[in-house]
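Pasting input-v5.cif here (mmCIF, C-alpha atoms):
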data_structure
#
loop_
_atom_site.label_atom_id
_atom_site.label_comp_id
_atom_site.auth_asym_id
_atom_site.auth_seq_id
_atom_site.Cartn_x
_atom_site.Cartn_y
_atom_site.Cartn_z
CA MET X 1 21.59 -18.85 -4.56
CA ASP X 2 20.62 -18.53 -8.21
CA TYR X 3 16.84 -18.81 -8.17
CA GLU X 4 16.58 -18.49 -11.92
CA ASN X 5 18.12 -21.91 -12.35
CA THR X 6 15.85 -23.80 -9.98
CA PRO X 7 12.76 -25.71 -11.21
CA GLU X 8 10.54 -22.97 -9.70
CA GLY X 9 12.65 -20.33 -11.39
CA ALA X 10 12.32 -22.09 -14.72
CA LEU X 11 8.55 -22.17 -14.26
CA VAL X 12 8.49 -18.44 -13.54
CA ARG X 13 10.71 -17.81 -16.59
CA ARG X 14 8.21 -19.66 -18.81
CA ALA X 15 5.31 -17.71 -17.33
CA GLN X 16 7.24 -14.49 -17.92
CA GLY X 17 7.51 -15.49 -21.55
CA GLY X 18 3.71 -15.64 -21.79
CA ASP X 19 3.32 -19.41 -21.43
CA GLU X 20 -0.21 -19.80 -20.03
CA SER X 21 0.36 -23.45 -19.08
CA ALA X 22 3.35 -22.38 -16.97
CA PHE X 23 1.17 -19.86 -15.17
CA ARG X 24 -1.41 -22.56 -14.57
CA GLU X 25 1.31 -24.82 -13.13
CA LEU X 26 2.43 -21.96 -10.92
CA VAL X 27 -1.11 -21.45 -9.60
CA GLU X 28 -1.55 -25.16 -8.97
CA LYS X 29 1.85 -25.43 -7.30
CA TYR X 30 1.36 -22.53 -4.88
CA GLN X 31 -2.40 -22.36 -4.39
CA SER X 32 -2.42 -24.48 -1.22
CA LYS X 33 0.36 -22.43 0.30
CA VAL X 34 -1.38 -19.16 -0.60
CA PHE X 35 -4.67 -20.43 0.87
CA SER X 36 -2.89 -21.43 4.09
CA ILE X 37 -1.18 -18.07 4.49
CA ILE X 38 -4.43 -16.20 3.87
CA HIS X 39 -6.44 -18.40 6.20
CA GLY X 40 -3.78 -18.04 8.89
CA ILE X 41 -4.02 -14.26 8.81
CA VAL X 42 -7.61 -13.57 7.85
CA ARG X 43 -9.48 -16.60 9.25
CA GLN X 44 -12.56 -15.78 7.22
CA LYS X 45 -13.07 -18.90 5.12
CA ASN X 46 -15.55 -17.16 2.85
CA ASP X 47 -13.04 -14.52 1.89
CA VAL X 48 -9.97 -16.72 1.49
CA GLU X 49 -10.76 -17.64 -2.11
CA ASP X 50 -11.43 -14.02 -3.14
CA ILE X 51 -8.12 -12.90 -1.66
CA ALA X 52 -6.31 -15.86 -3.25
CA GLN X 53 -7.79 -14.99 -6.66
CA GLN X 54 -6.58 -11.42 -6.23
CA VAL X 55 -3.11 -12.67 -5.20
CA PHE X 56 -2.77 -14.76 -8.36
CA ALA X 57 -4.14 -11.94 -10.53
CA LYS X 58 -1.44 -9.69 -9.06
CA ILE X 59 1.16 -12.37 -9.71
CA TYR X 60 -0.06 -12.64 -13.30
CA PHE X 61 0.18 -8.89 -13.91
CA SER X 62 3.53 -8.41 -12.19
CA ILE X 63 5.37 -11.60 -13.07
CA LYS X 64 7.30 -9.86 -15.85
CA ASN X 65 8.84 -7.57 -13.23
CA PHE X 66 10.02 -10.42 -11.02
CA ASP X 67 13.82 -10.24 -11.10
CA PHE X 68 14.83 -13.36 -9.12
CA ARG X 69 16.41 -11.29 -6.36
CA SER X 70 14.53 -13.54 -3.96
CA SER X 71 13.00 -16.97 -4.34
CA PRO X 72 9.62 -17.17 -6.13
CA ILE X 73 7.96 -18.41 -2.93
CA THR X 74 9.30 -15.42 -0.95
CA TRP X 75 7.89 -13.10 -3.63
CA ILE X 76 4.53 -14.88 -3.63
CA TYR X 77 4.50 -14.88 0.16
CA LYS X 78 5.09 -11.12 0.21
CA ILE X 79 2.26 -10.47 -2.27
CA THR X 80 -0.07 -12.72 -0.26
CA VAL X 81 0.70 -11.14 3.11
CA ASN X 82 0.31 -7.63 1.67
CA GLU X 83 -3.01 -8.58 0.12
CA CYS X 84 -4.21 -9.94 3.48
CA PHE X 85 -3.29 -6.75 5.28
CA ASP X 86 -4.97 -4.68 2.57
CA TYR X 87 -8.06 -6.80 3.09
CA LEU X 88 -7.93 -6.35 6.86
CA ARG X 89 -7.45 -2.62 6.50
CA LYS X 90 -10.52 -2.45 4.31
CA LYS X 91 -12.66 -4.72 6.33
CA LYS X 92 -11.49 -4.11 9.89
CA VAL X 93 -12.58 -7.53 11.02
CA ARG X 94 -13.08 -7.92 14.72
CA LYS X 95 -13.42 -11.10 16.65
CA LEU X 96 -14.54 -11.78 20.19
CA VAL X 97 -12.96 -14.08 22.74
CA TYR X 98 -13.69 -15.50 26.13
CA GLU X 99 -12.01 -13.28 28.65
CA SER X 100 -11.70 -16.17 31.11
CA ASP X 101 -9.32 -18.04 28.81
CA LEU X 102 -6.82 -15.22 28.73
CA SER X 103 -3.98 -14.48 31.10
CA GLU X 104 -4.12 -11.19 33.00
CA ASP X 105 -1.72 -9.55 30.58
CA GLU X 106 -3.69 -10.77 27.58
CA VAL X 107 -6.96 -9.57 29.11
CA ARG X 108 -5.41 -6.16 29.57
CA ARG X 109 -4.12 -6.14 26.02
CA VAL X 110 -7.36 -7.32 24.50
CA GLU X 111 -9.40 -4.88 26.59
CA ASN X 112 -7.24 -2.09 25.31
CA THR X 113 -7.76 -3.16 21.75
CA GLU X 114 -11.53 -3.54 22.03
CA PRO X 115 -13.77 -0.50 21.95
CA ALA X 116 -15.27 0.34 25.32
CA THR X 117 -18.79 -0.11 24.00
CA ASP X 118 -18.11 -3.55 22.55
CA ARG X 119 -18.00 -5.79 25.63
CA THR X 120 -20.04 -8.72 24.36
CA PRO X 121 -18.89 -12.24 25.36
CA ARG X 122 -15.76 -13.36 23.57
CA THR X 123 -15.39 -16.65 21.85
CA ASP X 124 -11.81 -17.47 20.99
CA VAL X 125 -8.44 -16.63 22.53
CA THR X 126 -6.57 -17.37 19.34
CA LEU X 127 -8.76 -15.01 17.38
CA ALA X 128 -8.13 -12.21 19.86
CA ARG X 129 -4.39 -12.82 19.71
CA ARG X 130 -4.53 -12.93 15.94
CA ASP X 131 -6.40 -9.65 15.81
CA TYR X 132 -3.93 -8.11 18.20
CA MET X 133 -0.98 -9.34 16.13
CA THR X 134 -2.48 -8.15 12.85
CA LYS X 135 -3.02 -4.72 14.43
CA LEU X 136 0.62 -4.66 15.53
CA LEU X 137 1.90 -5.86 12.17
CA GLU X 138 -0.09 -3.15 10.41
CA ARG X 139 2.00 -0.66 12.38
CA VAL X 140 5.41 -1.82 11.14
CA SER X 141 6.90 -1.56 7.66
CA GLU X 142 6.13 -4.05 4.92
CA GLU X 143 9.71 -5.36 5.05
CA ASP X 144 9.68 -5.89 8.82
CA ARG X 145 6.27 -7.51 8.65
CA ASN X 146 7.27 -9.99 5.95
CA LEU X 147 10.51 -10.88 7.70
CA LEU X 148 8.77 -11.50 11.01
CA MET X 149 6.02 -13.52 9.36
CA LEU X 150 8.53 -15.67 7.49
CA LYS X 151 10.46 -16.31 10.70
CA GLU X 152 7.67 -16.66 13.24
CA VAL X 153 4.74 -17.99 11.25
CA GLU X 154 6.41 -19.92 8.45
CA GLY X 155 9.18 -21.11 10.74
CA TYR X 156 12.14 -20.39 8.47
CA SER X 157 15.51 -20.36 10.21
CA VAL X 158 17.90 -17.40 10.05
CA GLU X 159 20.05 -19.44 7.67
CA GLU X 160 17.12 -20.18 5.35
CA LEU X 161 16.01 -16.55 5.42
CA ALA X 162 19.53 -15.40 4.57
CA ASP X 163 19.48 -17.75 1.62
CA MET X 164 16.00 -16.75 0.48
CA LEU X 165 16.60 -13.03 0.77
CA LYS X 166 20.19 -13.07 -0.49
CA MET X 167 21.56 -11.52 2.69
CA ASN X 168 24.15 -12.75 5.13
CA GLU X 169 22.98 -14.28 8.38
CA ASN X 170 24.15 -11.39 10.55
CA THR X 171 22.17 -8.92 8.43
CA VAL X 172 19.07 -11.07 8.83
CA LYS X 173 19.62 -11.25 12.61
CA VAL X 174 20.04 -7.48 12.86
CA LYS X 175 16.96 -6.87 10.70
CA LEU X 176 14.91 -9.31 12.76
CA PHE X 177 16.08 -7.75 16.00
CA ARG X 178 15.13 -4.24 14.83
CA ALA X 179 11.80 -5.48 13.52
CA ARG X 180 11.08 -7.08 16.90
CA GLN X 181 11.99 -3.85 18.70
CA LYS X 182 9.59 -1.90 16.45
CA LEU X 183 6.89 -4.44 17.16
CA VAL X 184 7.40 -4.08 20.93
CA LYS X 185 7.18 -0.29 20.57
CA ALA X 186 4.04 -0.62 18.48
CA SER X 187 2.61 -2.89 21.16
CA GLN X 188 3.39 -0.35 23.89
CA ARG X 189 1.76 2.42 21.86
CA LEU X 190 -1.28 0.27 21.14
CA ASP X 191 -1.66 -0.69 24.81
CA ARG X 192 -1.60 2.96 25.78
CA LEU X 193 -4.49 3.80 23.46
CA PRO X 194 -7.67 3.95 25.54
CA GLY X 195 -10.38 1.83 23.95
CA SER X 196 -8.60 1.58 20.63
CA VAL X 197 -10.51 -0.37 18.00
CA ALA X 198 -9.22 -3.88 17.29
CA MET T 1 20.03 -3.73 24.80
CA HIS T 2 23.47 -5.28 25.01
CA ASP T 3 25.27 -6.94 22.10
CA VAL T 4 25.26 -10.39 23.65
CA ILE T 5 21.46 -10.31 23.72
CA GLU T 6 21.15 -8.84 20.24
CA ASN T 7 23.43 -11.54 18.82
CA GLY T 8 21.83 -14.45 20.65
CA LEU T 9 18.16 -13.47 20.58
CA GLU T 10 17.12 -15.57 17.58
CA GLU T 11 18.74 -18.70 19.01
CA TYR T 12 17.14 -18.02 22.39
CA LEU T 13 13.68 -17.56 20.89
CA GLY T 14 14.24 -20.73 18.88
CA GLY T 15 14.87 -22.68 22.09
CA GLN T 16 18.67 -22.75 22.05
CA VAL T 17 20.25 -21.53 25.26
CA ARG T 18 23.63 -19.85 25.08
CA ARG T 19 25.57 -19.63 28.32
CA ASP T 20 26.73 -16.03 27.82
CA PHE T 21 23.17 -15.02 26.95
CA GLN T 22 21.74 -16.58 30.11
CA ALA T 23 24.53 -15.16 32.27
CA HIS T 24 23.83 -11.67 30.96
CA LEU T 25 20.10 -12.01 31.50
CA ALA T 26 20.72 -13.05 35.10
CA GLU T 27 22.55 -9.82 35.85
CA CYS T 28 20.85 -7.24 33.58
CA GLU T 29 17.33 -6.23 34.54
CA GLY T 30 16.83 -4.02 31.42
CA CYS T 31 17.67 -6.83 29.02
CA ARG T 32 15.55 -9.25 31.01
CA VAL T 33 12.49 -7.03 30.63
CA GLU T 34 13.09 -6.53 26.92
CA VAL T 35 13.67 -10.22 26.22
CA ARG T 36 10.45 -11.03 28.05
CA GLN T 37 8.59 -8.64 25.74
CA PHE T 38 10.19 -10.28 22.69
CA GLU T 39 9.24 -13.71 23.97
CA GLU T 40 5.68 -12.70 24.65
CA LEU T 41 5.17 -11.28 21.16
CA SER T 42 6.98 -14.20 19.56
CA GLY T 43 4.51 -16.54 21.27
CA MET T 44 1.58 -14.54 19.98
CA PHE T 45 2.67 -15.11 16.38
CA HIS T 46 1.47 -18.68 16.75
CA ALA T 47 -2.07 -17.32 16.47
CA LEU T 48 -1.30 -16.47 12.85
CA ARG T 49 -0.39 -20.04 11.98
CA GLU T 50 -3.06 -21.87 10.13
CA PRO T 51 -4.49 -24.75 12.27
CA ASP T 52 -6.56 -26.64 9.69
CA PRO T 53 -5.26 -26.36 6.16
CA ILE T 54 -7.97 -25.48 3.68
CA GLN T 55 -7.81 -26.44 0.06
CA PRO T 56 -9.16 -24.43 -2.85
CA ASP T 57 -12.44 -25.62 -4.34
CA PRO T 58 -12.22 -27.33 -7.76
CA GLY T 59 -12.03 -24.89 -10.65
CA PHE T 60 -9.94 -22.37 -8.75
CA TYR T 61 -7.63 -21.76 -11.71
CA PHE T 62 -10.62 -21.08 -13.97
CA ARG T 63 -11.89 -18.48 -11.50
CA VAL T 64 -8.44 -16.90 -11.35
CA THR T 65 -8.39 -16.56 -15.14
CA GLN T 66 -11.87 -15.00 -15.01
CA LYS T 67 -10.61 -12.49 -12.46
CA ILE T 68 -7.61 -11.70 -14.64
CA GLU T 69 -9.84 -11.21 -17.69
CA ALA T 70 -12.15 -8.93 -15.72
CA GLN T 71 -9.18 -6.82 -14.66
CA GLN T 72 -7.81 -6.75 -18.18
CA GLN T 73 -11.00 -5.36 -19.75
CA PRO T 74 -10.63 -1.62 -20.37
CA SER T 75 -12.94 0.46 -18.23
CA PHE T 76 -15.07 3.30 -19.61
CA TRP T 77 -12.70 5.85 -18.06
CA SER T 78 -9.65 4.31 -19.68
CA ILE T 79 -10.89 5.77 -22.99
CA PHE T 80 -9.84 9.14 -21.63
CA SER T 81 -6.47 8.07 -20.37
CA LEU T 82 -3.52 9.13 -22.48
CA ASP T 83 -0.04 7.80 -22.55
CA ALA T 84 2.55 10.22 -21.22
CA ALA T 85 4.24 11.13 -24.54
CA PHE T 86 0.97 11.75 -26.35
CA GLY T 87 -0.31 13.76 -23.39
CA ARG T 88 2.77 16.00 -23.48
CA ARG T 89 2.28 16.60 -27.22
CA VAL T 90 -1.38 17.52 -26.71
CA ALA T 91 -0.47 19.90 -23.86
CA PHE T 92 2.25 21.55 -25.99
CA ALA T 93 -0.11 21.97 -28.97
CA SER T 94 -2.77 23.47 -26.69
CA LEU T 95 -0.28 25.96 -25.28
CA MET T 96 0.89 26.93 -28.77
CA MET T 97 -2.71 27.44 -29.88
CA LEU T 98 -3.40 29.55 -26.81
CA ALA T 99 -0.33 31.73 -27.49
CA LEU T 100 -1.35 32.15 -31.14
CA VAL T 101 -4.93 33.14 -30.31
CA GLY T 102 -3.63 35.51 -27.61
CA SER T 103 -1.21 37.26 -29.94
CA VAL T 104 -3.91 37.65 -32.62
CA LEU T 105 -6.27 39.19 -30.06
CA VAL T 106 -3.61 41.57 -28.75
CA SER T 107 -2.65 42.76 -32.23
CA THR T 108 -6.35 43.28 -33.11
CA GLU T 109 -6.91 45.32 -29.94
CA THR T 110 -3.91 47.68 -30.53
CA GLY T 111 -4.97 48.29 -34.15
CA TYR T 112 -8.43 49.46 -33.13
CA GLU T 113 -9.31 53.06 -33.76
CA ALA T 114 -12.53 55.04 -33.35
CA PRO T 115 -14.22 54.60 -36.71
CA GLY T 116 -14.42 57.60 -39.04
CA VAL T 117 -12.98 60.26 -36.72
CA SER T 118 -9.57 61.61 -37.66
CA GLY T 119 -9.58 65.09 -36.11
CA PRO T 120 -11.58 67.63 -34.12
CA GLU T 121 -12.68 69.47 -37.22
CA GLU T 122 -14.20 66.32 -38.62
CA ALA T 123 -15.80 65.59 -35.27
CA MET T 124 -17.30 69.02 -35.15
CA ALA T 125 -18.49 68.69 -38.71
CA SER T 126 -20.12 65.34 -38.02
CA HIS T 127 -22.16 66.92 -35.28
CA ASP T 128 -25.51 67.82 -36.83
CA VAL T 129 -26.97 70.65 -34.81
CA SER T 130 -30.26 70.53 -36.67
CA ILE T 131 -31.15 67.23 -35.02
CA PRO T 132 -32.38 67.58 -31.43
CA HIS T 133 -29.96 65.96 -28.87
CA GLU T 134 -29.81 65.56 -25.16
CA SER T 135 -27.14 68.11 -24.26
CA SER T 136 -25.31 66.10 -21.51
CA VAL T 137 -24.88 63.04 -23.77
CA ASP T 138 -23.60 65.21 -26.59
CA ARG T 139 -21.08 66.86 -24.31
CA ASP T 140 -19.73 63.51 -23.11
CA ARG T 141 -19.38 62.19 -26.63
CA MET T 142 -17.51 65.31 -27.70
CA LEU T 143 -15.11 65.08 -24.73
CA VAL T 144 -14.35 61.39 -25.48
CA THR T 145 -13.70 62.21 -29.16
CA LEU T 146 -11.37 65.07 -28.29
CA ALA T 147 -9.53 62.99 -25.65
CA SER T 148 -8.92 60.14 -28.10
CA TYR T 149 -7.63 62.63 -30.69
CA LYS T 150 -5.17 64.13 -28.15
CA GLN T 151 -3.83 60.68 -27.27
CA GLN T 152 -3.06 60.01 -30.94
#
Structure re-expressed in structure tokens:
Amino acid sequence: MDYENTPEGALVRRAQGGDESAFRELVEKYQSKVFSIIHGIVRQKNDVEDIAQQVFAKIYFSIKNFDFRSSPITWIYKITVNECFDYLRKKKVRKLVYESDLSEDEVRRVENTEPATDRTPRTDVTLARRDYMTKLLERVSEEDRNLLMLKEVEGYSVEELADMLKMNENTVKVKLFRARQKLVKASQRLDRLPGSVA
Amino acid sequence: MHDVIENGLEEYLGGQVRRDFQAHLAECEGCRVEVRQFEELSGMFHALREPDPIQPDPGFYFRVTQKIEAQQQPSFWSIFSLDAAFGRRVAFASLMMLALVGSVLVSTETGYEAPGVSGPEEAMASHDVSIPHESSVDRDRMLVTLASYKQQ
């Protein structure tokens, strides 16, 4: 697909040419999406805006290098996810969950990802799972992480991903399969760590 | 992991059941274990989906532009940063200057001679015996003068 000749592509082209109003349109068009992605990963409402500002600043400074090899939304998504993981790396946010709401396997996983000294009551299963997943995703490559996020979190089909990433469907399937295998291995390594920090 | 599983995994995780996929799972314990792990992790991705969409506060674009401006302002340290071509020129000029100063110093050093002493006779003549001297110091000076003469 030729992304340069789509309405989004045209908008990016104008912004690349230094048109400030086009950049403003771009921000307004994608800000909700960017906020959603950030909130989905980070879950710290207070920090979502800061991260979003940084995402759009990065877009502003690197838009001239965007070469339309993927769709603008895929590019923005990648920048956003990377910014979230940078944030998490810096902040090392930890959340607590109720142990009783977890299955045995999940309890085991979460216990292994919590430090031994930090056994205070937990408040949210989803938060524990999210922390566990972000820890796993930090352990795979940027490409694998983005592909898995696009498929599993954003819900794109293999066909849509192939179209967005300019790959054939079989390549996408193979890449997804390998990314999943790496994630399983990362999970096994993480579970083996005694009292690793979440 | 067998090909049939690798090929059909995405459909399976998406809820589509392929007969050959299911048949293989029924007879292959290794694939069954691995697919279970994939399923488990796939399910955990749901935790990363955003439950309640949040919207940016009014004036978000203005704050973005402020952020951009803040990042555009040159920092104090950027005064010292050089572009690559200019940096190379400065480094080359410094090296040339260093070589020039070095060669001048070397040529000055080799041209140095003990002032006013051209031979032993002159050295002997310059030695005024009427002035009282400490004998050991005098002897050392004389030996140095004679040694430098021999080297010439």
Could you list, with a cut-off of 8 Å and counting all atoms listed in the file, the residues of chain X near chain T, each shown with its nearest atom pair and the distance in Å rounded to one decimal, rows sorted by chain and ascending number, as a tab-separated table?
residue	atom	partner	partner_atom	distance
X:Arg24	CA	T:Tyr61	CA	6.9
X:Val27	CA	T:Tyr61	CA	6.9
X:Glu28	CA	T:Tyr61	CA	7.5
X:Gln31	CA	T:Pro56	CA	7.2
X:Ser32	CA	T:Gln55	CA	5.9
X:Phe35	CA	T:Ile54	CA	6.7
X:Ser36	CA	T:Pro53	CA	5.8
X:Ile37	CA	T:Glu50	CA	7.1
X:His39	CA	T:Glu50	CA	6.2
X:Gly40	CA	T:Glu50	CA	4.1
X:Ile41	CA	T:Leu48	CA	5.3
X:Glu49	CA	T:Pro56	CA	7.0
X:Gln53	CA	T:Val64	CA	5.1
X:Gln54	CA	T:Lys67	CA	7.5
X:Phe56	CA	T:Val64	CA	6.8
X:Ala57	CA	T:Ile68	CA	5.4
X:Tyr60	CA	T:Ile68	CA	7.7
X:Thr126	CA	T:Ala47	CA	5.3
X:Leu127	CA	T:Ala47	CA	7.1
X:Arg129	CA	T:Ala47	CA	6.0
X:Arg130	CA	T:Ala47	CA	5.1
X:Met133	CA	T:Phe45	CA	6.8
X:Met149	CA	T:Phe45	CA	7.9
X:Glu152	CA	T:Phe45	CA	6.1
X:Val153	CA	T:Arg49	CA	5.6
X:Glu154	CA	T:Arg49	CA	7.7
X:Val158	CA	T:Glu10	CA	7.8
X:Lys173	CA	T:Glu10	CA	7.0
X:Val174	CA	T:Glu6	CA	7.6
X:Phe177	CA	T:Glu6	CA	6.7
X:Arg180	CA	T:Phe38	CA	6.7
X:Gln181	CA	T:Phe38	CA	7.8
X:Val184	CA	T:Gln37	CA	6.7
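Coordinates place atom CA of Thr108 of chain T at a distance of 22.9 Å from atom CA of Leu146 of chain T.
Note that the spacing between atom CA of Val34 of chain X and atom CA of Ala52 of chain X amounts to 6.5 Å.
Put simply, atom CA of Thr74 of chain X is 24.8 Å away from atom CA of Tyr12 of chain T.
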Check your understanding: For the file shown, what are the residues hit by the PyMOL selection byres ((chain X and resi 25) around 12), laid out as an NGL selection string?
Key -> (:X and (7-8 or 10-12 or 14-15 or 19-24 or 26-31 or 56)) or (:T and (61))
Selection result of the PyMOL selection byres ((chain X and resi 88) around 10) on this file, as a short mmCIF file (atom, residue, chain, number, x, y, z; two decimals) with C-alpha atoms, in the frame of the given file:
data_model
loop_
_atom_site.label_atom_id
_atom_site.label_comp_id
_atom_site.auth_asym_id
_atom_site.auth_seq_id
_atom_site.Cartn_x
_atom_site.Cartn_y
_atom_site.Cartn_z
CA ILE X 41 -4.02 -14.26 8.81
CA VAL X 42 -7.61 -13.57 7.85
CA ASN X 82 0.31 -7.63 1.67
CA GLU X 83 -3.01 -8.58 0.12
CA CYS X 84 -4.21 -9.94 3.48
CA PHE X 85 -3.29 -6.75 5.28
CA ASP X 86 -4.97 -4.68 2.57
CA TYR X 87 -8.06 -6.80 3.09
CA ARG X 89 -7.45 -2.62 6.50
CA LYS X 90 -10.52 -2.45 4.31
CA LYS X 91 -12.66 -4.72 6.33
CA LYS X 92 -11.49 -4.11 9.89
CA VAL X 93 -12.58 -7.53 11.02
CA ARG X 94 -13.08 -7.92 14.72
CA ASP X 131 -6.40 -9.65 15.81
CA THR X 134 -2.48 -8.15 12.85
CA LYS X 135 -3.02 -4.72 14.43
CA GLU X 138 -0.09 -3.15 10.41
#
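For the set T:Cys31, T:Glu109, T:Gly59, T:Gln16, the residue with the smallest atom-to-atom gap to His2 of chain T is T:Cys31, counting all atoms listed in the file.
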